[in-house]
Amino acid sequence: MKKKNIYIGVAWPYVNDVFHFGNLAGAYLPPDIFSRFHRLKGNEVLMVSGSDFHGTPITLRAEKEGKKPKEIAEKFHELNKKYLKEFRIDYDLYTSTHTDNHREMTQRMFLELLKNGFIKISETEQLYSEKSKKFLQDRYVEGECPFCGCPDARGDQCEKCGRMLDPLELKNPVSKIDKSELSKKKTENYFIDLKKLEKEIKKWLVFKENFRSWIKNEALGWIKEGLRERAITRDIDYGVSLPSKDIPEEKRVKNIENKRFYVWFEAVIGYLSAAIEYSQKIEKPDYWKNFFYDEEAETYYFVGQDNLVFHTINWPAQLIGYDENINLPTNVFVNKFVFLEGKKVSKSKNWFIKTSYFLENYPVDAVRFYLTFYAPEQKQLNFTWRDFIETNNKTLVGVIGNFIHRVLVFSQKNFGNDFKILKEKLSSEIIKKVEETFEETASHFEKGEFRFATQKIVELATFGNQYIDEVKIWELTKEDKKKAVSNVLLIVDSLRKFLYPLTPQGSEKLNKLLGYKKVSLEKGGWSVGDFPKEINFISEINPIFEKIDEKNIEIERKKLNDS
């Protein structure tokens, strides 16, 4: 099979705080699973992301703490990098939007959009704070949503109904900083003319049969309502500056020196700038073009539900307006929100679980497995401590881990540390089951159906456990035991590959237990592989997954409620 070029762009988190488990489930874990799967298949993968250093959440926190926005961003950038690494989210490059490379790429895209006629200047009224003596942007403003009536909608988006908003649309808008009333003042800014690009965006969307239906329907719903011009600059002093010297005099807005690119416009350009930065890092300046200009390359994006419109409307529009030959997204995988014990996660109400708490108190594989087993691909995920701990104990440990452990212990006890799996010793039923699982899980992984893929893997381990009990392996003759052990060891050997995208630590432990070198995982391919298979057990067989004390269910719920 021909090797594919697979580009994976992962949502860029604001670094005004540490990401939480909802972000992990919605945007960061799924692309890592996808990446590991494609690397196992032998495809060329480039997975990039980074921290969004700009945007009002960061400047808001900086003002509250009396610090510079960059200080806040750098602090949480380093923490997020650390925690992502500990959760085994393996990027080729995790950078930031505060680099010269990103600034240059953002300015280049703006100038091309301007030259191609997709940028216009408009004078509009903006909300102005007499108290602060400045224009207030998006998240500095809150008020009543004109669509659903939510009383504390943000100036850029209502979290309750998901609508993108302009601050001027809010009813009774006030400053988020001091709750003072706001007035309207006129100012000039640059706008991207989405109306001009609407036809091309719709054409691209309509033929996207591989999109999750709810994502496609929501995106087409925006187009049906009619796309509007959207501001791409703001009267702010922190962010990516405009390329003033390269803009013709007649196309310059007033007070251009006081403008910066609006974060929604420039952050997504990070998908391109990060790919370019990685290419420079490996000293192959044109490497990124293998993903963005090769017609057979595939580009995928992973984001949470609140970023749907930016990645199914705005980012494709920017790409189309920038260069008609550049690759548009092959798919945009959007996941729905995650709730905690039936309620929306809220740091302000202290209804959340610290990222560091998970890492300090629970196995990473347990968290990754649970968030994939119940992935919010089609509906919201309600995380409960009972579900989390019982899923780990009953499914990951009780089904998968138990099957692997009993096979390895039985094999070693009866045949020592060296065992050779010969194809002629294998049951056709077992070979068929394993091969079908490779095909079915591959199909699900390709389509971003990680929940279904996980279920197929659990089914295979369940099948293996049933096989052991049905043939009563412990009662067989020496020769028949050897055949039965060959069958179940083939399943175990395959599970080290199946588990790698989901639970890399457990997969690597199993790889070692079976006597393979670490590199054998990604080089082994997504298939049964060649025969004979030489199994060389290490002397001490230990479980690859660990149980969690069920007393923790009530302990954790009490901690949460007490908080």
# chains A, B, ... in the order shown; residues from 1 in each chain; ligands from 1
$ residues_around --residues "Ser244 in chain A" --least-positions-apart "4" --cutoff "8 Å" --atoms "only C-alpha atoms" --output "PDB file with N, CA and C atoms, in the first residue's frame"
ATOM      1  N   ARG A 252      -4.841  51.564   3.806  1.00  0.00           N
ATOM      2  CA  ARG A 252      -4.519  51.555   5.232  1.00  0.00           C
ATOM      3  C   ARG A 252      -5.691  52.106   6.049  1.00  0.00           C
ATOM      4  N   ILE A 256      -3.604  52.821  12.158  1.00  0.00           N
ATOM      5  CA  ILE A 256      -3.146  51.443  11.915  1.00  0.00           C
ATOM      6  C   ILE A 256      -2.116  50.979  12.942  1.00  0.00           C
ATOM      7  N   GLU A 257      -1.354  51.933  13.478  1.00  0.00           N
ATOM      8  CA  GLU A 257      -0.325  51.557  14.461  1.00  0.00           C
ATOM      9  C   GLU A 257      -0.940  51.038  15.771  1.00  0.00           C
TER      10      GLU A 257
END
$ select_by_dssp --residues "range 144-369 of chain A" --states "strand (DSSP E or B)" --output "PyMOL selection string"
chain A and resi 144+153-154+157+164+171-175+181+183-192+230-231+233-234+241+260-261+298-304+331-335+338-340+343-344+346+351
$ write_last_selection --atoms "N, CA and C atoms" --output "compact mmCIF listing (two decimals), in the first residue's frame"
# COMPACT_ATOMS: atom_id res chain seq x y z
N GLU A 144 -26.37 40.13 27.68
CA GLU A 144 -27.40 39.13 27.38
C GLU A 144 -27.35 38.71 25.92
N ALA A 153 -23.42 36.09 28.38
CA ALA A 153 -22.75 35.70 27.13
C ALA A 153 -21.51 36.56 26.92
N ARG A 154 -20.48 35.94 26.32
CA ARG A 154 -19.26 36.69 26.01
C ARG A 154 -19.48 37.52 24.75
N GLN A 157 -18.83 35.01 21.66
CA GLN A 157 -19.59 33.77 21.49
C GLN A 157 -20.42 33.50 22.74
N MET A 164 -21.76 32.50 17.32
CA MET A 164 -20.72 33.53 17.25
C MET A 164 -21.42 34.87 17.39
N LYS A 171 -27.21 42.47 24.52
CA LYS A 171 -28.11 43.40 25.18
C LYS A 171 -27.49 43.79 26.53
N ASN A 172 -27.58 45.06 26.86
CA ASN A 172 -27.04 45.59 28.13
C ASN A 172 -25.58 45.19 28.36
N PRO A 173 -24.71 45.49 27.38
CA PRO A 173 -23.30 45.10 27.55
C PRO A 173 -22.60 45.91 28.64
N VAL A 174 -21.71 45.22 29.38
CA VAL A 174 -20.91 45.89 30.41
C VAL A 174 -19.47 45.41 30.31
N SER A 175 -18.57 46.15 30.90
CA SER A 175 -17.17 45.75 30.96
C SER A 175 -17.02 44.58 31.93
N GLU A 181 -20.89 50.51 32.43
CA GLU A 181 -21.63 50.54 31.17
C GLU A 181 -20.71 51.02 30.05
N SER A 183 -20.21 52.62 26.00
CA SER A 183 -20.79 53.45 24.94
C SER A 183 -20.28 52.97 23.58
N LYS A 184 -20.83 53.53 22.52
CA LYS A 184 -20.41 53.15 21.17
C LYS A 184 -19.61 54.27 20.53
N LYS A 185 -18.49 53.87 19.90
CA LYS A 185 -17.65 54.84 19.18
C LYS A 185 -17.25 54.24 17.84
N LYS A 186 -17.01 55.10 16.86
CA LYS A 186 -16.65 54.62 15.53
C LYS A 186 -15.15 54.39 15.41
N THR A 187 -14.80 53.35 14.66
CA THR A 187 -13.39 53.03 14.41
C THR A 187 -13.30 52.23 13.12
N GLU A 188 -12.16 52.30 12.45
CA GLU A 188 -11.94 51.55 11.20
C GLU A 188 -11.16 50.27 11.48
N ASN A 189 -11.58 49.20 10.81
CA ASN A 189 -10.84 47.94 10.92
C ASN A 189 -10.93 47.18 9.61
N TYR A 190 -10.06 46.17 9.50
CA TYR A 190 -10.10 45.28 8.34
C TYR A 190 -11.08 44.15 8.61
N PHE A 191 -11.78 43.76 7.54
CA PHE A 191 -12.75 42.67 7.60
C PHE A 191 -12.46 41.67 6.49
N ILE A 192 -12.66 40.39 6.78
CA ILE A 192 -12.61 39.40 5.72
C ILE A 192 -14.02 39.26 5.16
N ARG A 230 -16.46 39.69 8.58
CA ARG A 230 -16.04 39.52 9.98
C ARG A 230 -14.72 40.24 10.20
N ALA A 231 -14.69 41.03 11.24
CA ALA A 231 -13.49 41.84 11.54
C ALA A 231 -12.30 40.94 11.82
N THR A 233 -9.17 42.64 12.53
CA THR A 233 -8.26 43.46 13.34
C THR A 233 -9.06 44.09 14.47
N ARG A 234 -8.34 44.51 15.49
CA ARG A 234 -8.96 45.11 16.67
C ARG A 234 -8.08 46.24 17.19
N SER A 241 1.23 42.19 15.02
CA SER A 241 1.12 43.51 14.39
C SER A 241 0.82 43.40 12.90
N ARG A 260 -4.09 45.43 15.98
CA ARG A 260 -3.46 44.11 15.97
C ARG A 260 -4.44 43.13 15.33
N PHE A 261 -3.91 42.03 14.82
CA PHE A 261 -4.81 41.03 14.24
C PHE A 261 -5.65 40.40 15.34
N GLU A 298 -3.38 14.27 2.91
CA GLU A 298 -4.62 14.45 3.65
C GLU A 298 -4.34 15.33 4.87
N THR A 299 -5.23 16.30 5.09
CA THR A 299 -5.04 17.22 6.21
C THR A 299 -6.25 17.14 7.14
N TYR A 300 -5.97 16.93 8.42
CA TYR A 300 -7.02 16.73 9.42
C TYR A 300 -6.85 17.72 10.57
N TYR A 301 -8.00 18.13 11.11
CA TYR A 301 -7.99 19.09 12.21
C TYR A 301 -8.86 18.54 13.35
N PHE A 302 -8.39 18.74 14.58
CA PHE A 302 -9.09 18.24 15.77
C PHE A 302 -9.36 19.39 16.73
N VAL A 303 -10.65 19.60 17.02
CA VAL A 303 -11.02 20.73 17.88
C VAL A 303 -12.23 20.37 18.75
N GLY A 304 -12.47 21.21 19.74
CA GLY A 304 -13.65 21.05 20.58
C GLY A 304 -14.85 21.74 19.94
N ASN A 331 -10.76 16.46 6.65
CA ASN A 331 -11.81 16.29 7.64
C ASN A 331 -11.52 17.18 8.84
N VAL A 332 -12.58 17.60 9.49
CA VAL A 332 -12.47 18.35 10.74
C VAL A 332 -13.21 17.54 11.79
N PHE A 333 -12.47 16.99 12.73
CA PHE A 333 -13.07 16.18 13.79
C PHE A 333 -13.37 17.08 14.98
N VAL A 334 -14.65 17.27 15.22
CA VAL A 334 -15.09 18.12 16.32
C VAL A 334 -15.74 17.22 17.38
N ASN A 335 -15.36 17.41 18.62
CA ASN A 335 -15.97 16.64 19.71
C ASN A 335 -16.84 17.54 20.57
N VAL A 338 -17.71 18.16 27.46
CA VAL A 338 -17.61 17.18 28.54
C VAL A 338 -18.19 17.80 29.81
N PHE A 339 -19.07 17.05 30.47
CA PHE A 339 -19.64 17.49 31.74
C PHE A 339 -18.99 16.69 32.88
N LEU A 340 -19.12 17.21 34.08
CA LEU A 340 -18.54 16.57 35.26
C LEU A 340 -19.66 16.28 36.26
N LYS A 343 -22.83 18.19 35.59
CA LYS A 343 -22.82 19.65 35.52
C LYS A 343 -21.69 20.14 34.62
N LYS A 344 -21.89 21.33 34.06
CA LYS A 344 -20.87 21.91 33.20
C LYS A 344 -19.60 22.21 33.99
N SER A 346 -16.70 24.16 35.40
CA SER A 346 -16.57 25.60 35.65
C SER A 346 -15.49 25.85 36.69
N TRP A 351 -15.93 23.76 39.98
CA TRP A 351 -16.48 22.45 39.58
C TRP A 351 -15.61 21.90 38.44
$ residues_around --residues "Ile431 in chain A" --least-positions-apart "6" --cutoff "12 Å" --atoms "only C-alpha atoms" --output "short mmCIF file (atom, residue, chain, number, x, y, z; two decimals) with C-alpha atoms, in the first residue's frame"
data_model
loop_
_atom_site.label_atom_id
_atom_site.label_comp_id
_atom_site.auth_asym_id
_atom_site.auth_seq_id
_atom_site.Cartn_x
_atom_site.Cartn_y
_atom_site.Cartn_z
CA LEU A 422 3.81 -21.03 13.66
CA LYS A 423 1.01 -20.29 11.22
CA GLU A 424 0.25 -23.97 10.67
CA LYS A 425 -0.47 -24.31 14.40
CA THR A 437 -10.26 -6.74 13.94
CA PHE A 438 -7.33 -5.13 12.11
CA LEU A 460 -11.24 -9.16 20.67
CA GLY A 464 -9.83 -14.45 23.66
CA SER A 486 -0.31 -20.19 19.77
CA ASN A 487 -3.86 -18.99 19.16
CA VAL A 488 -4.17 -16.85 22.26
CA LEU A 489 -0.61 -15.53 21.96
CA LEU A 490 -1.44 -14.34 18.45
CA ILE A 491 -4.30 -12.29 19.93
CA SER A 494 -1.91 -8.21 18.05
CA SER A 527 -1.50 -6.14 10.41
CA VAL A 528 -0.94 -9.60 11.89
CA GLY A 529 2.61 -9.51 10.53
#
$ atom_distance --atom1 "CA of Glu508 in chain A" --atom2 "CA of Ser520 in chain A"
9.9 Å
$ residues_around --residues "range 17-23 of chain A" --least-positions-apart "2" --cutoff "9 Å" --atoms "only C-alpha atoms" --output "ChimeraX atom specification"
/A:13-15,25-29,57-58,61,72-73,75-77,79-80,83,303-304,337-340,345,352-355,358,367,371,381
$ select_by_dssp --residues "range 368-453 of chain A" --states "helix (DSSP H, G or I)" --output "compact mmCIF listing (two decimals) with N, CA and C atoms, in the first residue's frame"
# COMPACT_ATOMS: atom_id res chain seq x y z
N ARG A 368 -6.72 7.90 29.52
CA ARG A 368 -6.81 7.84 28.05
C ARG A 368 -7.86 6.83 27.61
N PHE A 369 -7.87 5.66 28.23
CA PHE A 369 -8.82 4.62 27.83
C PHE A 369 -10.26 5.06 28.09
N TYR A 370 -10.52 5.62 29.26
CA TYR A 370 -11.89 6.04 29.60
C TYR A 370 -12.37 7.12 28.63
N LEU A 371 -11.54 8.13 28.38
CA LEU A 371 -11.95 9.24 27.52
C LEU A 371 -12.14 8.81 26.07
N THR A 372 -11.54 7.68 25.69
CA THR A 372 -11.74 7.14 24.34
C THR A 372 -12.94 6.20 24.31
N PHE A 373 -13.08 5.39 25.33
CA PHE A 373 -14.19 4.43 25.41
C PHE A 373 -15.54 5.17 25.41
N TRP A 385 -17.00 9.86 38.46
CA TRP A 385 -15.93 9.07 39.08
C TRP A 385 -16.27 7.59 39.07
N ARG A 386 -17.57 7.25 39.22
CA ARG A 386 -17.97 5.85 39.20
C ARG A 386 -17.68 5.23 37.82
N ASP A 387 -18.10 5.91 36.76
CA ASP A 387 -17.86 5.40 35.40
C ASP A 387 -16.37 5.23 35.14
N PHE A 388 -15.60 6.24 35.53
CA PHE A 388 -14.17 6.22 35.26
C PHE A 388 -13.49 5.03 35.94
N ILE A 389 -13.73 4.87 37.23
CA ILE A 389 -13.06 3.80 37.99
C ILE A 389 -13.58 2.42 37.60
N GLU A 390 -14.89 2.30 37.38
CA GLU A 390 -15.45 1.00 36.99
C GLU A 390 -15.03 0.61 35.58
N THR A 391 -14.92 1.57 34.67
CA THR A 391 -14.45 1.27 33.31
C THR A 391 -13.02 0.76 33.35
N ASN A 392 -12.19 1.40 34.17
CA ASN A 392 -10.81 0.94 34.31
C ASN A 392 -10.77 -0.48 34.87
N ASN A 393 -11.47 -0.71 35.97
CA ASN A 393 -11.39 -2.00 36.67
C ASN A 393 -12.07 -3.14 35.92
N LYS A 394 -13.24 -2.86 35.35
CA LYS A 394 -14.01 -3.93 34.72
C LYS A 394 -13.64 -4.18 33.26
N THR A 395 -13.23 -3.12 32.55
CA THR A 395 -12.97 -3.28 31.11
C THR A 395 -11.48 -3.29 30.79
N LEU A 396 -10.78 -2.22 31.15
CA LEU A 396 -9.35 -2.17 30.81
C LEU A 396 -8.57 -3.25 31.55
N VAL A 397 -8.77 -3.34 32.87
CA VAL A 397 -8.06 -4.35 33.66
C VAL A 397 -8.77 -5.70 33.60
N GLY A 398 -10.10 -5.69 33.83
CA GLY A 398 -10.86 -6.94 33.96
C GLY A 398 -11.01 -7.74 32.69
N VAL A 399 -11.08 -7.05 31.54
CA VAL A 399 -11.22 -7.77 30.26
C VAL A 399 -9.88 -7.84 29.54
N ILE A 400 -9.34 -6.69 29.16
CA ILE A 400 -8.11 -6.68 28.35
C ILE A 400 -6.90 -7.13 29.17
N GLY A 401 -6.68 -6.47 30.30
CA GLY A 401 -5.50 -6.79 31.12
C GLY A 401 -5.53 -8.21 31.64
N ASN A 402 -6.69 -8.67 32.06
CA ASN A 402 -6.83 -10.02 32.59
C ASN A 402 -6.52 -11.07 31.52
N PHE A 403 -7.03 -10.85 30.32
CA PHE A 403 -6.77 -11.80 29.23
C PHE A 403 -5.27 -11.88 28.95
N ILE A 404 -4.64 -10.73 28.80
CA ILE A 404 -3.20 -10.71 28.49
C ILE A 404 -2.40 -11.41 29.59
N HIS A 405 -2.70 -11.08 30.83
CA HIS A 405 -1.92 -11.61 31.95
C HIS A 405 -2.07 -13.13 32.07
N ARG A 406 -3.30 -13.63 31.95
CA ARG A 406 -3.49 -15.08 32.12
C ARG A 406 -2.83 -15.86 30.98
N VAL A 407 -2.82 -15.28 29.77
CA VAL A 407 -2.17 -15.94 28.64
C VAL A 407 -0.66 -16.00 28.85
N LEU A 408 -0.08 -14.85 29.24
CA LEU A 408 1.38 -14.81 29.40
C LEU A 408 1.86 -15.72 30.53
N VAL A 409 1.15 -15.68 31.65
CA VAL A 409 1.53 -16.52 32.79
C VAL A 409 1.40 -18.00 32.45
N PHE A 410 0.29 -18.38 31.80
CA PHE A 410 0.07 -19.78 31.42
C PHE A 410 1.12 -20.26 30.41
N SER A 411 1.42 -19.40 29.44
CA SER A 411 2.40 -19.76 28.39
C SER A 411 3.78 -19.98 29.00
N GLN A 412 4.19 -19.05 29.86
CA GLN A 412 5.51 -19.15 30.48
C GLN A 412 5.60 -20.38 31.39
N LYS A 413 4.55 -20.64 32.14
CA LYS A 413 4.54 -21.76 33.06
C LYS A 413 4.67 -23.10 32.32
N ASN A 414 4.01 -23.21 31.15
CA ASN A 414 3.99 -24.47 30.41
C ASN A 414 5.12 -24.63 29.40
N PHE A 415 5.64 -23.50 28.87
CA PHE A 415 6.63 -23.61 27.78
C PHE A 415 7.89 -22.78 28.00
N LYS A 423 2.32 -20.49 11.83
CA LYS A 423 1.01 -20.29 11.22
C LYS A 423 0.23 -21.60 11.11
N GLU A 424 0.93 -22.68 10.84
CA GLU A 424 0.25 -23.97 10.67
C GLU A 424 -0.35 -24.49 11.98
N LYS A 425 0.08 -23.90 13.11
CA LYS A 425 -0.47 -24.31 14.40
C LYS A 425 -1.74 -23.53 14.75
N SER A 428 -7.97 -21.39 11.96
CA SER A 428 -8.43 -20.44 10.93
C SER A 428 -9.42 -19.44 11.53
N GLU A 429 -10.18 -19.88 12.54
CA GLU A 429 -11.14 -19.00 13.20
C GLU A 429 -10.42 -17.86 13.92
N ILE A 430 -9.30 -18.18 14.57
CA ILE A 430 -8.53 -17.16 15.30
C ILE A 430 -7.90 -16.18 14.33
N ILE A 431 -7.28 -16.70 13.27
CA ILE A 431 -6.65 -15.83 12.27
C ILE A 431 -7.69 -14.88 11.67
N LYS A 432 -8.85 -15.44 11.35
CA LYS A 432 -9.92 -14.63 10.75
C LYS A 432 -10.38 -13.53 11.71
N LYS A 433 -10.55 -13.88 13.00
CA LYS A 433 -11.00 -12.90 13.99
C LYS A 433 -9.99 -11.77 14.14
N VAL A 434 -8.72 -12.11 14.21
CA VAL A 434 -7.68 -11.10 14.37
C VAL A 434 -7.60 -10.21 13.13
N GLU A 435 -7.62 -10.82 11.95
CA GLU A 435 -7.54 -10.04 10.72
C GLU A 435 -8.75 -9.12 10.55
N GLU A 436 -9.92 -9.62 10.92
CA GLU A 436 -11.13 -8.78 10.86
C GLU A 436 -11.01 -7.59 11.81
N THR A 437 -10.42 -7.83 12.98
CA THR A 437 -10.26 -6.74 13.94
C THR A 437 -9.31 -5.68 13.41
N PHE A 438 -8.23 -6.11 12.73
CA PHE A 438 -7.33 -5.13 12.11
C PHE A 438 -8.08 -4.29 11.07
N GLU A 439 -8.90 -4.95 10.26
CA GLU A 439 -9.64 -4.24 9.21
C GLU A 439 -10.69 -3.30 9.79
N GLU A 440 -11.45 -3.81 10.77
CA GLU A 440 -12.54 -3.01 11.33
C GLU A 440 -12.03 -1.82 12.14
N THR A 441 -11.00 -2.05 12.96
CA THR A 441 -10.47 -0.94 13.74
C THR A 441 -9.82 0.09 12.83
N ALA A 442 -9.15 -0.36 11.79
CA ALA A 442 -8.54 0.58 10.83
C ALA A 442 -9.61 1.47 10.21
N SER A 443 -10.72 0.87 9.82
CA SER A 443 -11.81 1.63 9.23
C SER A 443 -12.34 2.68 10.20
N HIS A 444 -12.49 2.29 11.45
CA HIS A 444 -12.99 3.25 12.47
C HIS A 444 -11.96 4.33 12.76
N PHE A 445 -10.68 3.94 12.90
CA PHE A 445 -9.65 4.94 13.16
C PHE A 445 -9.57 5.95 12.01
N GLU A 446 -9.62 5.47 10.78
CA GLU A 446 -9.56 6.35 9.60
C GLU A 446 -10.66 7.41 9.65
N PHE A 450 -13.13 6.73 17.18
CA PHE A 450 -12.24 6.08 18.14
C PHE A 450 -13.01 5.26 19.17
N ARG A 451 -14.21 5.70 19.46
CA ARG A 451 -15.05 4.97 20.41
C ARG A 451 -15.37 3.57 19.87
N PHE A 452 -15.77 3.51 18.60
CA PHE A 452 -16.09 2.22 17.98
C PHE A 452 -14.84 1.34 17.87
N ALA A 453 -13.71 1.95 17.53
CA ALA A 453 -12.46 1.20 17.41
C ALA A 453 -12.11 0.56 18.76
$ closest_residue --among "A:Ile223, A:Gln466, A:Leu272, A:Glu266" --to "Met47 in chain A" --atoms "only C-alpha atoms"
A:Leu272
$ residues_around --residues "Lys208 in chain A" --least-positions-apart "6" --cutoff "12 Å" --atoms "only C-alpha atoms" --output "NGL selection string"
:A and (201-202 or 215-217 or 219-220 or 312 or 328-332)
$ closest_residue --among "A:Lys224, A:Phe292, A:Asp306, A:Glu159" --to "Glu324 in chain A" --atoms "only C-alpha atoms"
A:Phe292
$ atom_distance --atom1 "CA of Cys148 in chain A" --atom2 "CA of Gly226 in chain A"
19.4 Å
$ closest_residue --among "A:Cys150, A:Leu242, A:Leu502, A:Ile89" --to "Arg108 in chain A" --atoms "only C-alpha atoms"
A:Leu242
$ closest_residue --among "A:Ser180, A:Asn5, A:Ser563, A:Asn116" --to "Asn290 in chain A" --atoms "only C-alpha atoms"
A:Asn5
$ closest_residue --among "A:Pro363, A:Gly416, A:Gly42, A:Pro376" --to "Lys482 in chain A" --atoms "only C-alpha atoms"
A:Gly416
$ closest_residue --among "A:Glu556, A:Glu218, A:Asp365, A:Glu200" --to "Ser507 in chain A" --atoms "only C-alpha atoms"
A:Asp365
$ residues_around --residues "Arg139 in chain A" --least-positions-apart "2" --cutoff "10 Å" --atoms "only C-alpha atoms" --output "number ranges by chain"
A: 55-57, 59-60, 136-137, 141-142, 153-157, 167, 175-177
